>>> print(open('start_13.txt').read())   # compact mmCIF, C-alpha atoms and all ligand atoms
# COMPACT_ATOMS: atom_id res chain seq x y z
CA MET A 17 -28.39 117.46 72.79
CA SER A 18 -27.31 117.75 76.33
CA ALA A 19 -23.65 117.69 77.02
CA ILE A 20 -24.23 115.91 80.32
CA HIS A 21 -23.60 112.23 80.62
CA HIS A 22 -26.61 110.61 82.23
CA ASP A 23 -25.38 108.64 85.22
CA THR A 24 -27.94 105.95 85.95
CA GLU A 25 -26.21 104.96 89.18
CA ALA A 26 -26.50 108.45 90.53
CA VAL A 27 -30.22 108.78 89.85
CA HIS A 28 -31.27 105.57 91.61
CA LEU A 29 -31.53 107.05 95.06
CA SER A 30 -33.20 104.92 97.65
CA GLU A 31 -35.95 106.14 99.95
CA THR A 32 -33.50 106.12 102.83
CA GLN A 33 -30.98 108.23 100.98
CA LEU A 34 -33.57 110.80 100.06
CA VAL A 35 -35.83 111.00 103.07
CA PRO A 36 -35.35 108.95 106.20
CA ALA A 37 -38.80 107.67 107.14
CA THR A 38 -38.76 109.06 110.67
CA GLU A 39 -38.14 112.52 109.31
CA VAL A 40 -41.11 112.47 106.99
CA THR A 41 -43.66 111.24 109.44
CA ALA A 42 -42.73 113.23 112.53
CA ALA A 43 -41.77 116.87 112.61
CA PRO A 44 -39.50 117.13 115.65
CA THR A 45 -39.77 119.98 118.07
CA ALA A 46 -36.77 121.84 119.37
CA LEU A 47 -37.04 119.74 122.51
CA GLN A 48 -36.47 116.49 120.72
CA THR A 49 -32.75 116.54 120.19
CA ALA A 50 -30.62 113.70 118.95
CA ALA A 51 -28.88 113.78 122.29
CA SER A 52 -31.94 113.26 124.41
CA ALA A 53 -32.82 110.24 122.34
CA SER A 54 -29.43 108.62 122.16
CA ILE A 55 -27.58 108.74 125.46
CA ALA A 56 -26.27 105.29 126.28
CA PRO A 57 -25.86 104.30 129.92
CA ASN A 58 -22.35 105.15 131.18
CA GLU A 59 -21.74 107.39 128.16
CA ARG A 60 -20.82 110.98 128.92
CA ILE A 61 -23.27 113.42 127.37
CA ASP A 62 -22.01 116.18 125.13
CA LEU A 63 -23.50 119.47 126.33
CA LEU A 64 -23.28 120.86 122.77
CA ASP A 65 -25.84 118.27 121.67
CA PHE A 66 -28.58 119.90 123.75
CA THR A 67 -31.02 122.66 123.08
CA ARG A 68 -31.63 124.71 126.22
CA GLU A 69 -35.09 123.21 126.67
CA ALA A 70 -33.70 119.69 126.29
CA LEU A 71 -30.96 120.42 128.83
CA GLU A 72 -33.52 121.83 131.28
CA GLN A 73 -35.56 118.69 130.81
CA TYR A 74 -32.46 116.59 131.32
CA PHE A 75 -31.62 118.27 134.65
CA ILE A 76 -35.21 117.91 135.84
CA GLU A 77 -35.08 114.20 134.97
CA GLN A 78 -31.87 113.98 137.03
CA GLY A 79 -33.73 115.48 140.02
CA ASP A 80 -31.95 118.83 139.66
CA LYS A 81 -33.07 122.35 138.79
CA ALA A 82 -33.91 123.60 135.30
CA PHE A 83 -31.90 126.80 135.82
CA ARG A 84 -28.67 124.77 135.69
CA ALA A 85 -29.25 124.58 131.94
CA ARG A 86 -29.46 128.36 131.70
CA GLN A 87 -26.22 128.74 133.68
CA ILE A 88 -24.46 126.23 131.44
CA PHE A 89 -25.77 127.81 128.25
CA ARG A 90 -24.43 131.19 129.32
CA TRP A 91 -20.99 129.73 130.05
CA ILE A 92 -20.73 127.92 126.74
CA TYR A 93 -22.28 130.39 124.35
CA LYS A 94 -21.79 133.77 126.05
CA GLN A 95 -18.46 133.21 127.83
CA GLY A 96 -16.93 130.74 125.39
CA VAL A 97 -15.97 128.36 128.19
CA THR A 98 -15.06 124.84 127.12
CA ASP A 99 -14.13 123.42 130.53
CA ILE A 100 -16.87 122.57 133.02
CA ALA A 101 -14.39 123.25 135.85
CA GLU A 102 -14.44 126.95 134.89
CA MET A 103 -18.20 127.32 135.44
CA THR A 104 -17.69 129.06 138.74
CA ASP A 105 -21.30 129.93 139.53
CA LEU A 106 -21.96 126.21 139.86
CA SER A 107 -21.06 124.71 143.21
CA ARG A 108 -17.88 122.65 143.40
CA ALA A 109 -19.96 119.54 144.02
CA MET A 110 -22.10 120.26 140.94
CA ARG A 111 -19.03 120.80 138.79
CA GLU A 112 -17.48 117.55 139.99
CA HIS A 113 -20.74 115.76 139.31
CA LEU A 114 -20.98 117.28 135.82
CA LEU A 115 -17.39 116.38 135.01
CA GLU A 116 -18.31 112.76 135.68
CA PHE A 117 -21.24 112.54 133.29
CA ALA A 118 -20.84 115.37 130.80
CA THR A 119 -18.34 116.86 128.41
CA ILE A 120 -18.13 119.84 126.02
CA SER A 121 -16.66 118.65 122.75
CA SER A 122 -14.65 120.74 120.35
CA LEU A 123 -13.77 119.91 116.78
CA GLU A 124 -10.13 119.62 115.83
CA VAL A 125 -9.12 122.26 113.30
CA VAL A 126 -7.08 120.35 110.74
CA ARG A 127 -6.40 123.27 108.43
CA VAL A 128 -7.42 126.86 107.78
CA MET A 129 -7.04 128.24 104.27
CA ASP A 130 -7.12 132.02 103.86
CA SER A 131 -8.33 133.60 100.65
CA ILE A 132 -7.00 136.93 99.49
CA ASP A 133 -10.57 138.29 99.85
CA GLY A 134 -10.66 137.46 103.59
CA THR A 135 -12.67 134.24 103.25
CA LYS A 136 -11.45 131.37 105.45
CA LYS A 137 -12.06 127.72 104.65
CA ILE A 138 -11.79 125.59 107.76
CA LEU A 139 -11.34 121.83 107.73
CA PHE A 140 -12.60 120.16 110.90
CA ARG A 141 -11.95 116.59 112.04
CA LEU A 142 -14.91 114.92 113.80
CA LYS A 143 -14.65 112.42 116.64
CA ASP A 144 -14.92 109.44 114.28
CA GLY A 145 -12.14 110.79 112.05
CA ALA A 146 -14.46 112.05 109.30
CA GLN A 147 -13.81 115.58 108.11
CA VAL A 148 -16.09 118.45 107.12
CA GLU A 149 -15.54 121.99 105.93
CA ALA A 150 -17.00 125.33 106.98
CA VAL A 151 -16.38 128.71 105.37
CA LEU A 152 -16.22 132.12 107.07
CA ILE A 153 -17.12 134.92 104.68
CA PRO A 154 -16.63 138.51 105.87
CA ILE A 155 -18.41 141.11 103.75
CA GLY A 156 -18.41 144.56 105.31
CA ARG A 157 -19.83 144.32 108.84
CA ARG A 158 -21.52 141.01 108.11
CA ILE A 159 -19.64 137.79 108.88
CA THR A 160 -21.39 134.78 107.41
CA LEU A 161 -20.57 131.20 108.31
CA CYS A 162 -21.39 128.55 105.74
CA ILE A 163 -21.82 125.34 107.66
CA SER A 164 -21.85 121.65 106.64
CA SER A 165 -24.72 119.26 107.40
CA GLN A 166 -23.36 115.91 106.32
CA VAL A 167 -20.10 114.15 105.56
CA GLY A 168 -20.45 113.89 101.76
CA CYS A 169 -23.87 113.89 100.13
CA ALA A 170 -26.15 111.24 98.67
CA LEU A 171 -28.00 113.51 96.27
CA GLY A 172 -25.36 113.35 93.56
CA CYS A 173 -25.82 116.73 91.85
CA ARG A 174 -23.61 116.52 88.79
CA PHE A 175 -21.96 119.91 89.18
CA CYS A 176 -21.17 119.59 92.88
CA TYR A 177 -17.73 118.85 94.26
CA THR A 178 -19.14 117.49 97.53
CA ALA A 179 -21.16 114.93 95.57
CA THR A 180 -17.92 113.34 94.41
CA MET A 181 -17.42 112.09 97.98
CA GLY A 182 -20.56 109.98 97.76
CA PRO A 183 -23.12 109.46 100.54
CA GLY A 184 -21.99 110.12 104.07
CA ARG A 185 -23.62 110.53 107.44
CA ASN A 186 -25.64 113.22 109.17
CA LEU A 187 -23.82 115.55 111.54
CA THR A 188 -24.96 115.72 115.15
CA ILE A 189 -26.10 118.95 116.80
CA ALA A 190 -22.75 119.01 118.63
CA GLU A 191 -20.95 118.77 115.28
CA TYR A 192 -23.01 121.62 113.86
CA MET A 193 -22.31 123.74 116.95
CA GLY A 194 -18.66 122.62 116.94
CA GLN A 195 -18.29 124.18 113.47
CA PHE A 196 -19.93 127.38 114.73
CA LEU A 197 -17.84 127.71 117.90
CA GLY A 198 -14.60 126.54 116.25
CA SER A 199 -15.03 129.05 113.41
CA ALA A 200 -15.96 131.89 115.79
CA ARG A 201 -12.69 131.32 117.67
CA LEU A 202 -10.77 132.14 114.49
CA LEU A 203 -12.25 135.64 114.28
CA PRO A 204 -10.36 138.68 115.55
CA GLU A 205 -11.22 139.94 119.03
CA GLY A 206 -14.58 141.73 119.09
CA LYS A 207 -15.88 140.13 115.87
CA THR A 208 -18.73 137.63 115.87
CA ILE A 209 -20.57 135.53 113.33
CA THR A 210 -23.66 137.49 112.25
CA ASN A 211 -25.27 135.08 109.77
CA VAL A 212 -25.30 131.33 109.24
CA VAL A 213 -26.11 129.64 105.96
CA PHE A 214 -26.63 125.88 105.80
CA MET A 215 -25.05 125.58 102.37
CA GLY A 216 -21.91 123.58 103.07
CA MET A 217 -21.43 119.88 102.52
CA GLY A 218 -24.59 117.79 102.39
CA GLU A 219 -28.35 118.36 102.26
CA PRO A 220 -29.54 119.93 105.55
CA LEU A 221 -33.15 118.79 105.17
CA ILE A 222 -32.04 115.13 105.18
CA ASN A 223 -30.55 115.92 108.62
CA PHE A 224 -33.81 117.54 109.70
CA GLN A 225 -33.98 116.75 113.39
CA ASN A 226 -30.44 117.92 114.15
CA LEU A 227 -30.91 120.95 111.90
CA ILE A 228 -33.91 122.06 113.98
CA GLY A 229 -32.01 121.52 117.24
CA THR A 230 -29.13 123.59 115.89
CA LEU A 231 -31.43 126.42 114.74
CA SER A 232 -32.94 126.42 118.21
CA ILE A 233 -29.53 126.86 119.87
CA LEU A 234 -28.33 129.49 117.39
CA THR A 235 -31.41 131.65 118.06
CA ASP A 236 -31.52 131.08 121.83
CA GLU A 237 -31.29 134.33 123.81
CA LEU A 238 -28.77 132.65 126.11
CA GLY A 239 -26.93 131.17 123.14
CA PRO A 240 -25.49 132.96 120.07
CA LYS A 241 -28.84 134.81 119.84
CA LEU A 242 -28.92 135.14 116.06
CA GLY A 243 -32.18 136.37 114.58
CA ALA A 244 -33.99 133.61 112.68
CA ARG A 245 -33.94 135.88 109.63
CA ARG A 246 -30.15 135.71 109.70
CA LEU A 247 -30.27 131.97 109.17
CA THR A 248 -30.69 130.49 105.70
CA VAL A 249 -31.32 126.84 104.96
CA SER A 250 -30.52 125.71 101.45
CA THR A 251 -32.11 122.66 99.91
CA ALA A 252 -31.90 120.76 96.66
CA GLY A 253 -35.69 120.46 96.85
CA LEU A 254 -37.02 117.90 99.34
CA CYS A 255 -40.68 118.92 99.21
CA PRO A 256 -42.08 117.32 102.41
CA GLN A 257 -39.17 118.64 104.48
CA ILE A 258 -39.49 122.15 103.04
CA LEU A 259 -43.03 122.27 104.46
CA LYS A 260 -41.95 120.76 107.78
CA LEU A 261 -39.22 123.38 108.04
CA GLY A 262 -41.71 126.17 107.35
CA GLU A 263 -44.07 124.78 109.98
CA THR A 264 -41.26 124.58 112.52
CA PHE A 265 -38.93 127.56 112.16
CA PRO A 266 -39.05 131.09 110.63
CA VAL A 267 -35.77 130.81 108.72
CA ARG A 268 -35.03 131.88 105.18
CA LEU A 269 -35.07 129.28 102.46
CA ALA A 270 -32.75 129.02 99.49
CA LEU A 271 -33.63 126.58 96.74
CA SER A 272 -30.89 125.11 94.59
CA LEU A 273 -32.80 125.37 91.32
CA HIS A 274 -30.07 125.36 88.66
CA ALA A 275 -32.34 124.39 85.74
CA THR A 276 -35.53 125.60 84.09
CA THR A 277 -36.91 122.37 82.59
CA ASP A 278 -37.40 118.93 84.09
CA ALA A 279 -35.28 117.35 81.37
CA GLN A 280 -32.35 119.60 82.27
CA ARG A 281 -32.82 119.29 86.00
CA ASP A 282 -33.23 115.50 85.86
CA GLN A 283 -29.79 115.33 84.35
CA ILE A 284 -27.87 117.63 86.68
CA MET A 285 -29.91 117.07 89.88
CA PRO A 286 -31.18 113.49 90.30
CA ILE A 287 -33.51 114.62 93.12
CA ASN A 288 -35.67 116.19 90.39
CA GLN A 289 -36.81 112.70 89.37
CA ARG A 290 -38.40 112.45 92.79
CA TYR A 291 -39.70 116.02 93.12
CA ASN A 292 -40.01 117.72 89.75
CA LEU A 293 -40.33 121.44 89.05
CA LYS A 294 -44.13 121.45 89.33
CA ALA A 295 -44.04 119.65 92.70
CA LEU A 296 -41.30 121.98 93.86
CA PHE A 297 -43.03 125.24 92.95
CA ASP A 298 -46.40 123.99 94.27
CA THR A 299 -44.57 123.28 97.52
CA LEU A 300 -42.96 126.72 97.56
CA ARG A 301 -46.36 128.40 97.10
CA THR A 302 -47.77 126.44 100.06
CA PHE A 303 -44.59 127.13 102.07
CA GLN A 304 -44.87 130.87 101.50
CA LYS A 305 -48.39 130.93 102.95
CA LEU A 306 -47.12 129.59 106.30
CA PRO A 307 -47.06 132.13 109.16
CA THR A 308 -43.29 131.68 109.58
CA GLN A 309 -42.68 133.02 106.10
CA GLN A 310 -44.94 136.10 105.94
CA SER A 311 -43.35 138.35 103.32
CA LEU A 312 -40.06 136.47 103.03
CA PRO A 313 -38.85 135.69 99.52
CA VAL A 314 -37.23 132.39 98.70
CA THR A 315 -33.82 132.66 97.08
CA LEU A 316 -33.57 130.74 93.82
CA GLU A 317 -29.96 129.67 93.49
CA TYR A 318 -29.03 129.28 89.84
CA THR A 319 -25.57 128.03 88.96
CA LEU A 320 -24.84 129.17 85.45
CA ILE A 321 -23.08 126.43 83.48
CA GLN A 322 -21.76 126.88 79.96
CA ASP A 323 -23.92 125.24 77.27
CA ILE A 324 -26.12 123.59 79.92
CA ASN A 325 -28.44 126.23 81.34
CA ASP A 326 -27.10 129.58 80.14
CA SER A 327 -29.18 130.26 77.01
CA PRO A 328 -31.55 133.25 76.57
CA GLU A 329 -34.43 130.68 76.58
CA ASP A 330 -33.26 129.52 80.00
CA ALA A 331 -33.25 133.12 81.21
CA LYS A 332 -36.85 133.56 80.00
CA ARG A 333 -38.03 130.33 81.67
CA LEU A 334 -36.24 131.36 84.85
CA ILE A 335 -38.11 134.66 84.84
CA LYS A 336 -41.41 132.78 84.57
CA LEU A 337 -40.53 130.44 87.42
CA SER A 338 -39.34 133.34 89.55
CA ARG A 339 -42.61 135.22 89.04
CA SER A 340 -44.64 132.19 90.17
CA VAL A 341 -43.42 132.62 93.78
CA ARG A 342 -42.09 135.45 95.99
CA SER A 343 -38.45 135.16 95.07
CA LYS A 344 -35.14 136.63 94.21
CA ILE A 345 -32.62 135.01 91.92
CA ASN A 346 -29.04 134.47 92.92
CA LEU A 347 -26.97 133.83 89.84
CA ILE A 348 -23.81 131.85 90.55
CA PRO A 349 -21.34 131.50 87.69
CA TYR A 350 -20.11 127.90 87.87
CA ASN A 351 -16.97 127.52 89.94
CA GLU A 352 -14.75 125.01 88.23
CA HIS A 353 -12.96 122.51 90.46
CA PRO A 354 -10.44 119.73 89.81
CA GLY A 355 -12.02 117.16 87.47
CA ALA A 356 -15.11 119.33 86.98
CA PRO A 357 -17.24 118.10 84.07
CA TYR A 358 -18.58 121.57 83.24
CA LYS A 359 -17.30 124.99 82.32
CA ARG A 360 -18.04 128.48 83.59
CA PRO A 361 -19.67 130.65 80.91
CA SER A 362 -17.74 133.61 79.54
CA GLN A 363 -18.13 136.96 81.33
CA GLU A 364 -20.11 138.21 78.33
CA ALA A 365 -22.56 135.29 78.53
CA ILE A 366 -22.99 135.78 82.29
CA ALA A 367 -23.61 139.51 81.82
CA GLU A 368 -26.14 138.89 79.04
CA PHE A 369 -28.04 136.30 81.13
CA LEU A 370 -28.18 138.72 84.06
CA ARG A 371 -29.25 141.56 81.77
CA ILE A 372 -32.23 139.56 80.46
CA LEU A 373 -33.32 138.84 84.03
CA GLN A 374 -32.94 142.40 85.23
CA VAL A 375 -34.66 143.97 82.22
CA SER A 376 -37.70 141.80 82.95
CA GLY A 377 -38.00 143.36 86.39
CA VAL A 378 -37.38 140.21 88.47
CA LEU A 379 -35.00 140.64 91.37
CA ALA A 380 -31.72 139.08 90.29
CA THR A 381 -28.14 139.51 91.37
CA GLU A 382 -24.92 137.81 90.54
CA ARG A 383 -23.34 136.29 93.61
CA GLN A 384 -19.98 137.78 94.29
CA THR A 385 -17.66 134.81 94.16
CA ARG A 386 -15.75 134.58 97.40
CA GLY A 387 -12.83 132.35 98.22
CA ASP A 388 -12.57 130.68 94.84
CA ASP A 389 -8.77 130.74 95.10
CA ILE A 390 -9.12 128.26 98.02
CA LEU A 391 -12.04 126.22 96.59
CA ALA A 392 -14.41 127.72 99.14
CA ALA A 393 -16.93 129.05 96.66
CA CYS A 394 -20.39 127.61 96.19
CA GLY A 395 -20.40 123.96 95.06
CA GLN A 396 -16.70 123.59 95.72
CA LEU A 397 -16.73 122.14 99.19
CA ALA A 398 -15.19 118.71 99.37
CA LEU A 399 -12.20 117.40 101.15
CA ASP A 400 -8.74 117.42 99.71
CA GLY A 401 -5.86 115.16 100.72
CA GLU A 402 -6.96 112.25 102.86
CA ALA A 403 -10.48 112.11 101.51
CA LYS A 404 -9.37 111.80 97.89
CA LYS A 405 -9.37 108.05 98.26
CA ILE A 406 -13.11 108.00 98.86
CA ARG A 407 -13.94 110.36 96.04
CA ARG A 408 -15.63 108.70 93.13
CA PRO A 409 -14.89 109.95 89.65
CA LEU A 410 -17.56 111.86 87.80
CA PRO A 411 -18.63 110.23 84.56
CA PRO A 412 -17.30 111.68 81.33
CA ARG A 413 -19.40 114.26 79.50
S1 LIG B 1 -25.39 120.52 95.64
FE1 LIG B 1 -25.99 120.13 97.76
S2 LIG B 1 -27.56 118.55 97.60
FE2 LIG B 1 -26.48 118.55 95.63
S3 LIG B 1 -24.88 116.98 95.89
FE3 LIG B 1 -23.98 118.97 96.45
S4 LIG B 1 -24.22 119.06 98.67
FE4 LIG B 1 -25.64 117.49 97.93
>>> encode(input="start_13.txt", output="structure tokens")
Amino acid sequence: MSAIHHDTEAVHLSETQLVPATEVTAAPTALQTAASASIAPNERIDLLDFTREALEQYFIEQGDKAFRARQIFRWIYKQGVTDIAEMTDLSRAMREHLLEFATISSLEVVRVMDSIDGTKKILFRLKDGAQVEAVLIPIGRRITLCISSQVGCALGCRFCYTATMGPGRNLTIAEYMGQFLGSARLLPEGKTITNVVFMGMGEPLINFQNLIGTLSILTDELGPKLGARRLTVSTAGLCPQILKLGETFPVRLALSLHATTDAQRDQIMPINQRYNLKALFDTLRTFQKLPTQQSLPVTLEYTLIQDINDSPEDAKRLIKLSRSVRSKINLIPYNEHPGAPYKRPSQEAIAEFLRILQVSGVLATERQTRGDDILAACGQLALDGEAKKIRRPLPPR
């Protein structure tokens, strides 16, 4: 018998919560940013909301030259300038004009928590007062930023701390880039973010349009210029959006799998009732045939939870699933958090599970837990303090 309480409220996700209709029917291009669709008359535009192509288009529509966008991109993303007045290769008249109709936002850093392993958890306050977290993880020469996509999350995974906040809203492109730029400013001189993983708060594929705009800026040669292969998008398993992502951008995909049977996954990840394991792995096989994916493996994220999914039978089913696609397994011993309904398996149980995987020949590693002393490890992102009042209790086991 499963030790998980079945929360009927959590599994009744509406169409809108799962997949906004506009995002299913139309795959946006990098040109179609949220900003270009939503500028109200008399409202100052936020330059961080624009891909370069969208900004070029914007200047052309204003009767100006497209190269203004390239100049502005260089100032923001290469020089780190946050004040339009400092963009000295623009004429004084142009700067004055820009100051009237445009702004460059920055997110307020509410708090930075430093882990003994060098990981930093950063709490940002957004313009509407909502808060999100990002995590900077230095490992050797690589500095990875884990970035949030939504305030809270509607998908209600039972093991996830963010889920306790309930559904929230999508972040804008400017809010994605605000996390990137605000986190980069905390790095020592000469250090830069080398990798970005969309594994923070929320489901990135629900925020599809702004995700694509953000990927476009991050990879822009006049922007942060990160290789697409250094960007990883994690999903709980929204099948139509996985294919749209593969058709749109050559990024890496990580799938939050966490279970090896539908019965198990239904209980800990309500999204499975919409897209079950068969649908998910059929989708992955189609996804991996797309030209953007070529030989890329998908990472199967597997949070190991005591007495839930940590048996030798689970390990054997996981091997079978892993062999059905090009994949590698990332084993994540459950990170307990305040009020957590589950337990982390013993070190012996974790080692035995990993041993079964590795003996079989599938590619499997145990994720090195980073920042767990500051609740920055996987599945632990949620707001403390002020946001406690909006957190809903998890049901009893
Ligand atoms: S694991 Fe991801 S998709 Fe699931 S509730 Fe948490 S943030 Fe949402």
>>> atom_distance(input="start_13.txt", atom1="atom CA of Lys207 of chain A", atom2="atom CA of Thr104 of chain A")
25.5 Å
>>> closest_residue(input="start_13.txt", among="A:Gln73, A:Asn288, A:Ser199, A:Ser122", to="ligand LIG 1 (chain B)", atoms="all atoms listed in the file")
A:Asn288
>>> closest_residue(input="start_13.txt", among="A:Glu219, A:Glu77, A:Glu368, A:Glu124", to="ligand LIG 1 (chain B)", atoms="all atoms listed in the file")
A:Glu219
>>> residues_near_ligand(input="start_13.txt", ligand="ligand LIG 1 (chain B)", cutoff="7 Å", atoms="only C-alpha atoms and all ligand atoms", output="number ranges by chain")
A: 169-173, 176-179, 216-219, 251-252, 285, 395
>>> closest_residue(input="start_13.txt", among="A:Pro286, A:Leu187, A:Asn223, A:Gln304", to="Glu263 of chain A", atoms="all atoms listed in the file")
A:Gln304
>>> atom_distance(input="start_13.txt", atom1="atom CA of Lys137 of chain A", atom2="atom CA of Leu238 of chain A")
27.6 Å
>>> closest_residue(input="start_13.txt", among="A:Gln289, A:Gln87, A:Gln95, A:Ser327", to="Met110 of chain A", atoms="only C-alpha atoms")
A:Gln87
>>> residues_around(input="start_13.txt", residues="Phe265 of chain A", least_positions_apart="2", cutoff="12 Å", atoms="only C-alpha atoms", output="PDB file with C-alpha atoms, in the frame of the given file")
ATOM      1  CA  ALA A  43     -41.770 116.870 112.610  1.00  0.00           C
ATOM      2  CA  PRO A  44     -39.500 117.130 115.650  1.00  0.00           C
ATOM      3  CA  THR A  45     -39.770 119.980 118.070  1.00  0.00           C
ATOM      4  CA  ALA A  46     -36.770 121.840 119.370  1.00  0.00           C
ATOM      5  CA  PHE A 224     -33.810 117.540 109.700  1.00  0.00           C
ATOM      6  CA  GLN A 225     -33.980 116.750 113.390  1.00  0.00           C
ATOM      7  CA  LEU A 227     -30.910 120.950 111.900  1.00  0.00           C
ATOM      8  CA  ILE A 228     -33.910 122.060 113.980  1.00  0.00           C
ATOM      9  CA  GLY A 229     -32.010 121.520 117.240  1.00  0.00           C
ATOM     10  CA  THR A 230     -29.130 123.590 115.890  1.00  0.00           C
ATOM     11  CA  LEU A 231     -31.430 126.420 114.740  1.00  0.00           C
ATOM     12  CA  SER A 232     -32.940 126.420 118.210  1.00  0.00           C
ATOM     13  CA  LEU A 234     -28.330 129.490 117.390  1.00  0.00           C
ATOM     14  CA  THR A 235     -31.410 131.650 118.060  1.00  0.00           C
ATOM     15  CA  GLY A 243     -32.180 136.370 114.580  1.00  0.00           C
ATOM     16  CA  ALA A 244     -33.990 133.610 112.680  1.00  0.00           C
ATOM     17  CA  ARG A 245     -33.940 135.880 109.630  1.00  0.00           C
ATOM     18  CA  LEU A 247     -30.270 131.970 109.170  1.00  0.00           C
ATOM     19  CA  THR A 248     -30.690 130.490 105.700  1.00  0.00           C
ATOM     20  CA  VAL A 249     -31.320 126.840 104.960  1.00  0.00           C
ATOM     21  CA  GLN A 257     -39.170 118.640 104.480  1.00  0.00           C
ATOM     22  CA  ILE A 258     -39.490 122.150 103.040  1.00  0.00           C
ATOM     23  CA  LEU A 259     -43.030 122.270 104.460  1.00  0.00           C
ATOM     24  CA  LYS A 260     -41.950 120.760 107.780  1.00  0.00           C
ATOM     25  CA  LEU A 261     -39.220 123.380 108.040  1.00  0.00           C
ATOM     26  CA  GLY A 262     -41.710 126.170 107.350  1.00  0.00           C
ATOM     27  CA  GLU A 263     -44.070 124.780 109.980  1.00  0.00           C
ATOM     28  CA  VAL A 267     -35.770 130.810 108.720  1.00  0.00           C
ATOM     29  CA  ARG A 268     -35.030 131.880 105.180  1.00  0.00           C
ATOM     30  CA  LEU A 269     -35.070 129.280 102.460  1.00  0.00           C
ATOM     31  CA  PHE A 303     -44.590 127.130 102.070  1.00  0.00           C
ATOM     32  CA  LEU A 306     -47.120 129.590 106.300  1.00  0.00           C
ATOM     33  CA  PRO A 307     -47.060 132.130 109.160  1.00  0.00           C
ATOM     34  CA  THR A 308     -43.290 131.680 109.580  1.00  0.00           C
ATOM     35  CA  GLN A 309     -42.680 133.020 106.100  1.00  0.00           C
TER      36      GLN A 309
END
>>> closest_residue(input="start_13.txt", among="A:Leu300, A:Val341, A:Gln283, A:Thr160", to="Met215 of chain A", atoms="only C-alpha atoms")
A:Thr160
>>> atom_distance(input="start_13.txt", atom1="atom CA of Glu364 of chain A", atom2="atom CA of Leu316 of chain A")
21.8 Å
>>> residues_near_point(input="start_13.txt", point="(-22.3, 107.8, 109.5)", cutoff="10 Å", atoms="all atoms listed in the file", output="list in words")
Asp144, Ala146, Gln166, Val167, Pro183, Gly184, Arg185, Asn186 and Leu187 of chain A
>>> closest_residue(input="start_13.txt", among="A:Ile120, A:Met193, A:Val378, A:Leu320", to="Ala275 of chain A", atoms="all atoms listed in the file")
A:Leu320
>>> closest_atom_pairs(input="start_13.txt", of="segment 334-358 of chain A", to="segment 310-314 of chain A", cutoff="9 Å", atoms="all atoms listed in the file", output="JSON lines")
{"residue": "A:Val341", "atom": "CA", "partner": "A:Val314", "partner_atom": "CA", "distance": 7.9}
{"residue": "A:Arg342", "atom": "CA", "partner": "A:Pro313", "partner_atom": "CA", "distance": 4.8}
{"residue": "A:Ser343", "atom": "CA", "partner": "A:Pro313", "partner_atom": "CA", "distance": 4.5}
{"residue": "A:Lys344", "atom": "CA", "partner": "A:Val314", "partner_atom": "CA", "distance": 6.5}
{"residue": "A:Ile345", "atom": "CA", "partner": "A:Val314", "partner_atom": "CA", "distance": 8.6}
